[in-house]
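*Asks:* mmCIF, C-alpha atoms, file upload.cif:
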data_model
loop_
_atom_site.label_atom_id
_atom_site.label_comp_id
_atom_site.auth_asym_id
_atom_site.auth_seq_id
_atom_site.Cartn_x
_atom_site.Cartn_y
_atom_site.Cartn_z
CA MET M 16 104.99 -93.25 -70.61
CA THR M 17 102.34 -93.67 -67.94
CA THR M 18 101.67 -90.73 -65.69
CA ILE M 19 100.72 -91.53 -62.12
CA ALA M 20 98.35 -89.07 -60.51
CA VAL M 21 99.61 -87.88 -57.17
CA PRO M 22 96.83 -87.04 -54.68
CA PRO M 23 96.95 -83.51 -53.28
CA ARG M 24 98.62 -83.13 -49.92
CA ARG M 25 95.86 -80.90 -48.57
CA ILE M 26 92.36 -82.19 -48.98
CA SER M 27 89.60 -79.61 -49.05
CA PRO M 28 86.80 -79.67 -46.45
CA GLN M 29 84.34 -80.57 -49.22
CA ARG M 30 86.34 -83.65 -50.22
CA THR M 31 86.85 -84.55 -46.57
CA LEU M 32 83.10 -84.48 -46.01
CA ARG M 33 82.54 -86.55 -49.17
CA HIS M 34 85.08 -89.14 -48.02
CA GLY M 35 83.46 -89.24 -44.59
CA LEU M 36 79.99 -89.74 -46.06
CA THR M 37 81.31 -92.54 -48.28
CA LEU M 38 82.76 -94.38 -45.28
CA ALA M 39 79.58 -93.65 -43.32
CA TRP M 40 77.63 -95.44 -46.06
CA ARG M 41 80.03 -98.39 -45.60
CA ASN M 42 78.92 -98.66 -41.97
CA VAL M 43 75.27 -98.46 -42.97
CA ALA M 44 75.75 -101.11 -45.68
CA GLN M 45 77.24 -103.45 -43.09
CA LEU M 46 73.93 -103.40 -41.22
CA LYS M 47 72.26 -104.92 -44.29
CA HIS M 48 74.47 -107.99 -43.98
CA SER M 49 74.58 -108.00 -40.15
CA PRO M 50 71.17 -106.73 -38.96
CA GLU M 51 71.84 -108.23 -35.52
CA LYS M 52 74.06 -105.20 -34.89
CA LEU M 53 70.84 -103.21 -34.52
CA LEU M 54 69.44 -105.62 -31.94
CA ASP M 55 70.75 -103.75 -28.90
CA THR M 56 69.76 -100.42 -30.44
CA THR M 57 66.24 -101.75 -30.95
CA LEU M 58 65.65 -103.54 -27.66
CA THR M 59 67.58 -101.45 -25.12
CA PRO M 60 65.29 -98.37 -25.30
CA VAL M 61 62.17 -100.52 -24.93
CA VAL M 62 63.60 -102.53 -22.01
CA PHE M 63 64.70 -99.36 -20.21
CA LEU M 64 61.33 -97.72 -20.75
CA LEU M 65 59.34 -100.67 -19.42
CA LEU M 66 61.69 -101.29 -16.52
CA PHE M 67 61.92 -97.72 -15.23
CA LEU M 68 58.27 -96.94 -15.90
CA TYR M 69 56.81 -99.82 -13.91
CA VAL M 70 59.48 -99.96 -11.19
CA PHE M 71 59.64 -96.23 -10.38
CA GLY M 72 56.35 -94.88 -11.78
CA GLY M 73 54.17 -95.29 -8.70
CA ALA M 74 56.88 -94.20 -6.25
CA VAL M 75 58.02 -91.11 -8.14
CA ALA M 76 54.83 -89.69 -9.65
CA GLY M 77 52.00 -91.65 -8.03
CA ASP M 78 50.98 -93.37 -11.28
CA THR M 79 52.70 -94.65 -14.39
CA HIS M 80 50.96 -92.28 -16.82
CA SER M 81 52.18 -89.13 -15.06
CA TYR M 82 55.67 -90.58 -14.75
CA LEU M 83 55.73 -91.59 -18.43
CA GLN M 84 55.33 -87.94 -19.44
CA GLN M 85 58.47 -87.05 -17.48
CA LEU M 86 60.40 -90.26 -18.11
CA LEU M 87 60.32 -90.50 -21.90
CA PRO M 88 62.14 -87.20 -22.64
CA GLY M 89 64.68 -88.17 -19.98
CA LEU M 90 65.28 -91.55 -21.62
CA VAL M 91 65.81 -89.85 -24.97
CA ALA M 92 68.62 -87.91 -23.28
CA GLN M 93 69.99 -91.06 -21.66
CA MET M 94 70.06 -92.97 -24.95
CA THR M 95 72.32 -90.32 -26.50
CA PHE M 96 75.03 -91.75 -24.25
CA ILE M 97 74.14 -95.43 -24.04
CA GLY M 98 73.45 -95.65 -27.78
CA THR M 99 76.98 -94.56 -28.67
CA MET M 100 78.86 -97.28 -26.80
CA GLY M 101 78.69 -99.69 -29.74
CA LEU M 102 80.63 -97.20 -31.84
CA GLY M 103 83.70 -97.58 -29.63
CA VAL M 104 83.50 -101.38 -29.82
CA ALA M 105 83.16 -101.40 -33.62
CA LEU M 106 86.01 -98.91 -34.01
CA ASN M 107 88.31 -100.94 -31.81
CA GLU M 108 87.46 -104.12 -33.73
CA ASP M 109 88.26 -102.44 -37.05
CA ILE M 110 91.62 -101.30 -35.73
CA HIS M 111 92.54 -104.79 -34.52
CA LYS M 112 91.44 -106.33 -37.82
CA GLY M 113 93.62 -103.93 -39.81
CA VAL M 114 90.72 -102.17 -41.53
CA PHE M 115 92.00 -98.75 -40.54
CA ASP M 116 95.47 -99.61 -41.81
CA ARG M 117 93.87 -100.09 -45.21
CA PHE M 118 92.14 -96.74 -44.91
CA ARG M 119 95.47 -95.05 -44.27
CA SER M 120 96.81 -96.41 -47.56
CA LEU M 121 93.98 -94.75 -49.50
CA PRO M 122 94.17 -91.18 -50.84
CA ILE M 123 91.50 -89.92 -48.47
CA ALA M 124 91.40 -87.33 -45.72
CA ARG M 125 93.04 -88.45 -42.49
CA SER M 126 89.88 -87.70 -40.51
CA ALA M 127 87.51 -89.43 -42.97
CA PRO M 128 87.47 -92.89 -41.28
CA LEU M 129 86.62 -91.35 -37.92
CA VAL M 130 84.09 -88.89 -39.36
CA GLY M 131 82.52 -91.72 -41.35
CA SER M 132 82.22 -93.87 -38.24
CA VAL M 133 80.43 -91.08 -36.37
CA LEU M 134 78.09 -90.13 -39.21
CA GLY M 135 77.32 -93.81 -39.77
CA GLU M 136 75.73 -93.91 -36.33
CA THR M 137 72.88 -91.73 -37.63
CA ILE M 138 70.86 -94.76 -38.72
CA LYS M 139 71.20 -96.25 -35.24
CA PHE M 140 70.04 -92.98 -33.69
CA CYS M 141 66.97 -92.94 -35.92
CA VAL M 142 66.10 -96.56 -35.11
CA MET M 143 66.66 -96.00 -31.39
CA MET M 144 64.48 -92.87 -31.25
CA THR M 145 61.76 -94.46 -33.37
CA MET M 146 61.56 -97.46 -31.05
CA LEU M 147 61.68 -95.40 -27.85
CA VAL M 148 59.22 -92.67 -28.83
CA GLY M 149 56.96 -95.04 -30.77
CA PHE M 150 56.69 -97.49 -27.90
CA GLY M 151 56.20 -94.62 -25.47
CA VAL M 152 53.23 -93.37 -27.51
CA ILE M 153 51.76 -96.89 -27.47
CA LEU M 154 52.02 -96.91 -23.67
CA GLY M 155 50.23 -93.56 -23.46
CA PHE M 156 52.81 -90.81 -23.87
CA ARG M 157 51.37 -87.65 -25.40
CA PHE M 158 53.19 -84.64 -26.81
CA ASP M 159 51.98 -81.35 -25.33
CA SER M 160 53.80 -79.11 -27.81
CA ASP M 161 53.69 -78.17 -31.48
CA PRO M 162 55.36 -80.26 -34.24
CA LEU M 163 58.19 -77.74 -34.66
CA SER M 164 59.14 -78.09 -31.00
CA ILE M 165 59.11 -81.88 -31.30
CA VAL M 166 61.43 -81.72 -34.31
CA ALA M 167 63.67 -79.28 -32.43
CA ALA M 168 63.83 -81.71 -29.48
CA LEU M 169 64.96 -84.61 -31.66
CA ALA M 170 67.40 -82.37 -33.53
CA LEU M 171 68.93 -81.22 -30.23
CA ALA M 172 69.23 -84.84 -29.10
CA TYR M 173 70.89 -85.74 -32.42
CA VAL M 174 73.44 -82.93 -32.14
CA PHE M 175 74.35 -84.03 -28.63
CA PHE M 176 74.44 -87.67 -29.76
CA LEU M 177 77.01 -86.86 -32.46
CA ALA M 178 79.13 -84.98 -29.91
CA VAL M 179 79.04 -87.91 -27.48
CA CYS M 180 80.08 -90.24 -30.31
CA TRP M 181 83.49 -88.57 -30.27
CA ILE M 182 83.93 -89.55 -26.61
CA PHE M 183 83.50 -93.19 -27.57
CA VAL M 184 85.76 -92.75 -30.57
CA LEU M 185 88.44 -91.86 -28.02
CA VAL M 186 87.50 -94.85 -25.87
CA GLY M 187 87.70 -97.13 -28.90
CA LEU M 188 91.14 -95.78 -29.78
CA LEU M 189 92.47 -96.02 -26.22
CA ALA M 190 91.01 -99.37 -25.12
CA PRO M 191 93.35 -102.37 -25.44
CA SER M 192 90.61 -104.67 -26.74
CA PRO M 193 86.99 -104.55 -27.93
CA GLU M 194 85.91 -106.35 -24.76
CA SER M 195 87.29 -103.58 -22.55
CA VAL M 196 85.48 -100.80 -24.43
CA GLN M 197 82.11 -101.53 -22.82
CA GLY M 198 83.64 -101.74 -19.34
CA ILE M 199 85.29 -98.35 -19.75
CA GLY M 200 82.11 -97.01 -21.36
CA PHE M 201 79.90 -98.01 -18.44
CA ILE M 202 82.27 -96.29 -16.00
CA LEU M 203 81.70 -93.07 -17.97
CA VAL M 204 78.00 -93.54 -18.68
CA MET M 205 76.66 -94.59 -15.28
CA PRO M 206 77.42 -91.43 -13.24
CA LEU M 207 76.44 -89.17 -16.14
CA THR M 208 73.10 -90.75 -17.03
CA PHE M 209 71.91 -91.97 -13.62
CA GLY M 210 73.39 -89.04 -11.69
CA SER M 211 71.06 -86.66 -13.51
CA SER M 212 67.40 -85.66 -13.68
CA VAL M 213 66.64 -88.37 -16.25
CA LEU M 214 64.75 -90.61 -13.81
CA MET M 215 63.98 -88.06 -11.09
CA PRO M 216 62.89 -84.66 -12.45
CA ASN M 217 62.53 -83.40 -8.87
CA ILE M 218 66.08 -83.41 -7.52
CA GLY M 219 65.11 -81.75 -4.24
CA THR M 220 65.13 -85.08 -2.37
CA MET M 221 68.75 -85.79 -3.31
CA PRO M 222 71.62 -85.00 -0.92
CA GLY M 223 73.31 -81.64 -1.46
CA TRP M 224 76.50 -82.99 -3.02
CA LEU M 225 74.50 -85.01 -5.54
CA GLN M 226 72.27 -82.04 -6.38
CA ALA M 227 75.39 -80.00 -7.14
CA TRP M 228 76.56 -82.69 -9.58
CA VAL M 229 73.14 -83.08 -11.18
CA LYS M 230 72.86 -79.34 -11.82
CA VAL M 231 76.10 -79.18 -13.83
CA ASN M 232 75.63 -82.55 -15.53
CA PRO M 233 75.16 -82.09 -19.32
CA VAL M 234 72.65 -84.94 -19.38
CA THR M 235 70.44 -82.98 -16.99
CA HIS M 236 70.51 -79.93 -19.25
CA LEU M 237 69.61 -82.10 -22.24
CA ALA M 238 66.81 -83.90 -20.38
CA GLU M 239 65.26 -80.64 -19.16
CA SER M 240 65.51 -79.14 -22.65
CA LEU M 241 63.73 -82.15 -24.13
CA ARG M 242 61.00 -82.03 -21.50
CA ALA M 243 60.35 -78.37 -22.26
CA LEU M 244 60.22 -79.01 -26.00
CA MET M 245 58.19 -82.24 -25.89
CA ILE M 246 55.69 -81.68 -23.06
CA GLY M 247 55.90 -77.93 -22.49
CA GLY M 248 57.18 -75.95 -19.53
CA PRO M 249 59.98 -73.45 -18.97
CA MET M 250 63.12 -73.96 -21.03
CA GLY M 251 65.45 -71.63 -19.18
CA ASN M 252 69.04 -71.81 -20.39
CA HIS M 253 69.13 -75.60 -20.60
CA ALA M 254 69.23 -75.72 -24.42
CA TRP M 255 72.10 -73.25 -24.57
CA TYR M 256 74.04 -75.21 -21.95
CA THR M 257 73.40 -78.39 -23.95
CA LEU M 258 74.73 -76.85 -27.16
CA ALA M 259 77.72 -75.41 -25.28
CA TRP M 260 78.51 -78.85 -23.83
CA ALA M 261 78.19 -80.45 -27.27
CA ALA M 262 80.54 -77.89 -28.82
CA GLY M 263 83.02 -78.25 -25.96
CA ILE M 264 83.06 -82.04 -26.24
CA VAL M 265 83.79 -81.90 -29.97
CA LEU M 266 86.46 -79.21 -29.62
CA VAL M 267 88.31 -81.32 -27.06
CA THR M 268 87.78 -84.87 -28.35
CA PHE M 269 88.03 -84.37 -32.12
CA PRO M 270 91.70 -83.23 -32.25
CA LEU M 271 92.63 -85.80 -29.59
CA ALA M 272 90.96 -88.53 -31.62
CA LEU M 273 92.87 -87.53 -34.75
CA ARG M 274 96.18 -87.60 -32.89
CA LEU M 275 95.47 -90.96 -31.26
CA TYR M 276 94.27 -92.40 -34.58
CA ALA M 277 97.53 -91.38 -36.26
CA ARG M 278 99.53 -93.07 -33.51
CA ARG M 279 97.31 -96.14 -33.03
CA THR M 280 97.12 -97.09 -36.70
#
Could I get this file's structure written as structure tokens?
*Replies:*
Amino acid sequence: MTTIAVPPRRISPQRTLRHGLTLAWRNVAQLKHSPEKLLDTTLTPVVFLLLFLYVFGGAVAGDTHSYLQQLLPGLVAQMTFIGTMGLGVALNEDIHKGVFDRFRSLPIARSAPLVGSVLGETIKFCVMMTMLVGFGVILGFRFDSDPLSIVAALALAYVFFLAVCWIFVLVGLLAPSPESVQGIGFILVMPLTFGSSVLMPNIGTMPGWLQAWVKVNPVTHLAESLRALMIGGPMGNHAWYTLAWAAGIVLVTFPLALRLYARRT
């Protein structure tokens, strides 16, 4: 008589993490067969850097070199939002293709497909930061801090990047089609990334209502934290605000994503 093993109803956090990492590796393996998926991650940071540097450099800082020192840390902060939009598109495509229905039939943690999708974005983050910072150094950017501070800056950006990923997990679950994900994403991204100190470190020339928005914008706190860590200067409470925003985003979006995933699939 054959005995059929019944998977446990409660899956431990360790097994949940292992399932998530397995599915994250699935996303990374897909890049091997479809490297064009990294094309936007590779080119977008370079295009943004060149465009903003040579369009705004002279007007904002008087010369492109001085502006580059302020711009690059700001673009690192901006890319933590723009670089996550593809996650929502890919997630929505998987749902429409029935991939997530197959995941539900497997004896894995309910959150594993979503956790795997988020962790799988790590490779894109690494490629994006390598291209942006590497090209910035070629153009003349110079770090004015110690190596530990540089590592801390990239680690802070990565933590915030993972938190923002959960926003686009929600967008991917809510959007009616993959095509609509980017439209919804840009509505969210534009006021957050451009209504910040990313491009204009000196916000004193902005109207009062916009200054009030910029000061509470999480992208501003991240950009100012990265500037302090990468080129020196006062940190203030920006890093703590950034971590608080990241924690708040995850605490709100993660349970909502799990509930929507259960209903959507």
*Asks:* Quick check on the file I pasted: which residues fall under the PyMOL selection byres ((chain M and resi 148-160) around 8)? Write them as a ChimeraX atom specification.
*Replies:* /M:61,64,80,83-84,87,144-147,161-162,164-165,244-247
*Asks:* For this structure, which residues satisfy the selection - the PyMOL selection byres ((chain M and resi 72) around 12) - when it is evaluated on the file as given? I want them as a PDB file with C-alpha atoms, keeping the file's coordinate frame.
*Replies:*
ATOM      1  CA  LEU M  64      61.330 -97.720 -20.750  1.00  0.00           C
ATOM      2  CA  LEU M  65      59.340-100.670 -19.420  1.00  0.00           C
ATOM      3  CA  LEU M  66      61.690-101.290 -16.520  1.00  0.00           C
ATOM      4  CA  PHE M  67      61.920 -97.720 -15.230  1.00  0.00           C
ATOM      5  CA  LEU M  68      58.270 -96.940 -15.900  1.00  0.00           C
ATOM      6  CA  TYR M  69      56.810 -99.820 -13.910  1.00  0.00           C
ATOM      7  CA  VAL M  70      59.480 -99.960 -11.190  1.00  0.00           C
ATOM      8  CA  PHE M  71      59.640 -96.230 -10.380  1.00  0.00           C
ATOM      9  CA  GLY M  73      54.170 -95.290  -8.700  1.00  0.00           C
ATOM     10  CA  ALA M  74      56.880 -94.200  -6.250  1.00  0.00           C
ATOM     11  CA  VAL M  75      58.020 -91.110  -8.140  1.00  0.00           C
ATOM     12  CA  ALA M  76      54.830 -89.690  -9.650  1.00  0.00           C
ATOM     13  CA  GLY M  77      52.000 -91.650  -8.030  1.00  0.00           C
ATOM     14  CA  ASP M  78      50.980 -93.370 -11.280  1.00  0.00           C
ATOM     15  CA  THR M  79      52.700 -94.650 -14.390  1.00  0.00           C
ATOM     16  CA  HIS M  80      50.960 -92.280 -16.820  1.00  0.00           C
ATOM     17  CA  SER M  81      52.180 -89.130 -15.060  1.00  0.00           C
ATOM     18  CA  TYR M  82      55.670 -90.580 -14.750  1.00  0.00           C
ATOM     19  CA  LEU M  83      55.730 -91.590 -18.430  1.00  0.00           C
ATOM     20  CA  GLN M  84      55.330 -87.940 -19.440  1.00  0.00           C
ATOM     21  CA  GLN M  85      58.470 -87.050 -17.480  1.00  0.00           C
ATOM     22  CA  LEU M  86      60.400 -90.260 -18.110  1.00  0.00           C
ATOM     23  CA  LEU M  87      60.320 -90.500 -21.900  1.00  0.00           C
ATOM     24  CA  LEU M 214      64.750 -90.610 -13.810  1.00  0.00           C
ATOM     25  CA  MET M 215      63.980 -88.060 -11.090  1.00  0.00           C
TER      26      MET M 215
END
*Asks:* In file coordinates, which residues lie within 10 Å of (65.8, -84.9, -16.4) using only C-alpha atoms, given as JSON, numbers by chain?
*Replies:* {"M": [85, 86, 87, 88, 89, 90, 91, 92, 93, 208, 209, 210, 211, 212, 213, 214, 215, 216, 217, 218, 229, 234, 235, 236, 237, 238, 239, 240, 241, 242]}
*Asks:* What is the atom CA of Val174 of chain M to atom CA of Thr268 of chain M distance in Å?
*Replies:*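 We find that atom CA of Val174 of chain M and atom CA of Thr268 of chain M lie 15.0 Å from each other.
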*Asks:* Any idea what the distance is between atom CA of Val179 of chain M and atom CA of Leu32 of chain M?
*Replies:*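 Atom CA of Val179 of chain M sits 19.3 Å away from atom CA of Leu32 of chain M.
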*Asks:* Please indicate the distance in Å from atom CA of Gly98 of chain M to atom CA of Val133 of chain M, rounded to one decimal place.
*Replies:* 12.0 Å
*Asks:* Missing atoms in segment 133-162 of chain M: can you complete it with N, CA and C atoms, as a PDB file, in the coordinates of the input?
*Replies:*
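Dumped to rebuild_12.pdb:
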ATOM      1  N   VAL M 133      81.398 -91.856 -37.161  1.00  0.00           N
ATOM      2  CA  VAL M 133      80.430 -91.080 -36.370  1.00  0.00           C
ATOM      3  C   VAL M 133      79.153 -90.840 -37.159  1.00  0.00           C
ATOM      4  N   LEU M 134      79.279 -90.399 -38.406  1.00  0.00           N
ATOM      5  CA  LEU M 134      78.090 -90.130 -39.210  1.00  0.00           C
ATOM      6  C   LEU M 134      77.301 -91.412 -39.488  1.00  0.00           C
ATOM      7  N   GLY M 135      78.005 -92.543 -39.547  1.00  0.00           N
ATOM      8  CA  GLY M 135      77.320 -93.810 -39.770  1.00  0.00           C
ATOM      9  C   GLY M 135      76.412 -94.222 -38.643  1.00  0.00           C
ATOM     10  N   GLU M 136      76.590 -93.598 -37.465  1.00  0.00           N
ATOM     11  CA  GLU M 136      75.730 -93.910 -36.330  1.00  0.00           C
ATOM     12  C   GLU M 136      74.349 -93.263 -36.449  1.00  0.00           C
ATOM     13  N   THR M 137      74.162 -92.420 -37.462  1.00  0.00           N
ATOM     14  CA  THR M 137      72.880 -91.730 -37.630  1.00  0.00           C
ATOM     15  C   THR M 137      71.726 -92.709 -37.764  1.00  0.00           C
ATOM     16  N   ILE M 138      71.937 -93.787 -38.517  1.00  0.00           N
ATOM     17  CA  ILE M 138      70.860 -94.760 -38.720  1.00  0.00           C
ATOM     18  C   ILE M 138      70.482 -95.406 -37.391  1.00  0.00           C
ATOM     19  N   LYS M 139      71.487 -95.666 -36.546  1.00  0.00           N
ATOM     20  CA  LYS M 139      71.200 -96.250 -35.240  1.00  0.00           C
ATOM     21  C   LYS M 139      70.413 -95.265 -34.371  1.00  0.00           C
ATOM     22  N   PHE M 140      70.784 -93.988 -34.450  1.00  0.00           N
ATOM     23  CA  PHE M 140      70.040 -92.980 -33.690  1.00  0.00           C
ATOM     24  C   PHE M 140      68.582 -92.948 -34.115  1.00  0.00           C
ATOM     25  N   CYS M 141      68.346 -92.991 -35.415  1.00  0.00           N
ATOM     26  CA  CYS M 141      66.970 -92.940 -35.920  1.00  0.00           C
ATOM     27  C   CYS M 141      66.172 -94.159 -35.473  1.00  0.00           C
ATOM     28  N   VAL M 142      66.781 -95.345 -35.550  1.00  0.00           N
ATOM     29  CA  VAL M 142      66.100 -96.560 -35.110  1.00  0.00           C
ATOM     30  C   VAL M 142      65.807 -96.500 -33.614  1.00  0.00           C
ATOM     31  N   MET M 143      66.791 -96.070 -32.843  1.00  0.00           N
ATOM     32  CA  MET M 143      66.660 -96.000 -31.390  1.00  0.00           C
ATOM     33  C   MET M 143      65.545 -95.039 -30.982  1.00  0.00           C
ATOM     34  N   MET M 144      65.515 -93.850 -31.594  1.00  0.00           N
ATOM     35  CA  MET M 144      64.480 -92.870 -31.250  1.00  0.00           C
ATOM     36  C   MET M 144      63.101 -93.318 -31.718  1.00  0.00           C
ATOM     37  N   THR M 145      63.046 -93.964 -32.871  1.00  0.00           N
ATOM     38  CA  THR M 145      61.760 -94.460 -33.370  1.00  0.00           C
ATOM     39  C   THR M 145      61.183 -95.498 -32.418  1.00  0.00           C
ATOM     40  N   MET M 146      62.027 -96.416 -31.964  1.00  0.00           N
ATOM     41  CA  MET M 146      61.560 -97.460 -31.050  1.00  0.00           C
ATOM     42  C   MET M 146      61.144 -96.860 -29.705  1.00  0.00           C
ATOM     43  N   LEU M 147      61.957 -95.958 -29.175  1.00  0.00           N
ATOM     44  CA  LEU M 147      61.680 -95.400 -27.850  1.00  0.00           C
ATOM     45  C   LEU M 147      60.425 -94.528 -27.867  1.00  0.00           C
ATOM     46  N   VAL M 148      60.373 -93.575 -28.784  1.00  0.00           N
ATOM     47  CA  VAL M 148      59.220 -92.670 -28.830  1.00  0.00           C
ATOM     48  C   VAL M 148      57.969 -93.410 -29.281  1.00  0.00           C
ATOM     49  N   GLY M 149      58.106 -94.286 -30.276  1.00  0.00           N
ATOM     50  CA  GLY M 149      56.960 -95.040 -30.770  1.00  0.00           C
ATOM     51  C   GLY M 149      56.356 -95.917 -29.688  1.00  0.00           C
ATOM     52  N   PHE M 150      57.196 -96.624 -28.957  1.00  0.00           N
ATOM     53  CA  PHE M 150      56.690 -97.490 -27.900  1.00  0.00           C
ATOM     54  C   PHE M 150      56.121 -96.663 -26.754  1.00  0.00           C
ATOM     55  N   GLY M 151      56.733 -95.500 -26.506  1.00  0.00           N
ATOM     56  CA  GLY M 151      56.200 -94.620 -25.470  1.00  0.00           C
ATOM     57  C   GLY M 151      54.791 -94.139 -25.811  1.00  0.00           C
ATOM     58  N   VAL M 152      54.562 -93.804 -27.074  1.00  0.00           N
ATOM     59  CA  VAL M 152      53.230 -93.370 -27.510  1.00  0.00           C
ATOM     60  C   VAL M 152      52.223 -94.517 -27.350  1.00  0.00           C
ATOM     61  N   ILE M 153      52.643 -95.738 -27.648  1.00  0.00           N
ATOM     62  CA  ILE M 153      51.760 -96.890 -27.470  1.00  0.00           C
ATOM     63  C   ILE M 153      51.363 -97.049 -26.002  1.00  0.00           C
ATOM     64  N   LEU M 154      52.298 -96.773 -25.105  1.00  0.00           N
ATOM     65  CA  LEU M 154      52.020 -96.910 -23.670  1.00  0.00           C
ATOM     66  C   LEU M 154      51.209 -95.739 -23.115  1.00  0.00           C
ATOM     67  N   GLY M 155      51.064 -94.670 -23.902  1.00  0.00           N
ATOM     68  CA  GLY M 155      50.230 -93.560 -23.460  1.00  0.00           C
ATOM     69  C   GLY M 155      50.893 -92.212 -23.408  1.00  0.00           C
ATOM     70  N   PHE M 156      52.149 -92.101 -23.856  1.00  0.00           N
ATOM     71  CA  PHE M 156      52.810 -90.810 -23.870  1.00  0.00           C
ATOM     72  C   PHE M 156      52.149 -89.886 -24.875  1.00  0.00           C
ATOM     73  N   ARG M 157      51.983 -88.628 -24.505  1.00  0.00           N
ATOM     74  CA  ARG M 157      51.370 -87.650 -25.400  1.00  0.00           C
ATOM     75  C   ARG M 157      52.209 -86.374 -25.423  1.00  0.00           C
ATOM     76  N   PHE M 158      52.477 -85.899 -26.634  1.00  0.00           N
ATOM     77  CA  PHE M 158      53.190 -84.640 -26.810  1.00  0.00           C
ATOM     78  C   PHE M 158      52.263 -83.481 -26.479  1.00  0.00           C
ATOM     79  N   ASP M 159      52.753 -82.540 -25.676  1.00  0.00           N
ATOM     80  CA  ASP M 159      51.980 -81.350 -25.330  1.00  0.00           C
ATOM     81  C   ASP M 159      52.624 -80.104 -25.928  1.00  0.00           C
ATOM     82  N   SER M 160      53.144 -80.237 -27.138  1.00  0.00           N
ATOM     83  CA  SER M 160      53.800 -79.110 -27.810  1.00  0.00           C
ATOM     84  C   SER M 160      53.519 -79.216 -29.305  1.00  0.00           C
ATOM     85  N   ASP M 161      53.934 -78.200 -30.048  1.00  0.00           N
ATOM     86  CA  ASP M 161      53.690 -78.170 -31.480  1.00  0.00           C
ATOM     87  C   ASP M 161      54.729 -79.019 -32.217  1.00  0.00           C
ATOM     88  N   PRO M 162      54.432 -79.398 -33.478  1.00  0.00           N
ATOM     89  CA  PRO M 162      55.360 -80.260 -34.240  1.00  0.00           C
ATOM     90  C   PRO M 162      56.750 -79.677 -34.377  1.00  0.00           C
TER      91      PRO M 162
END
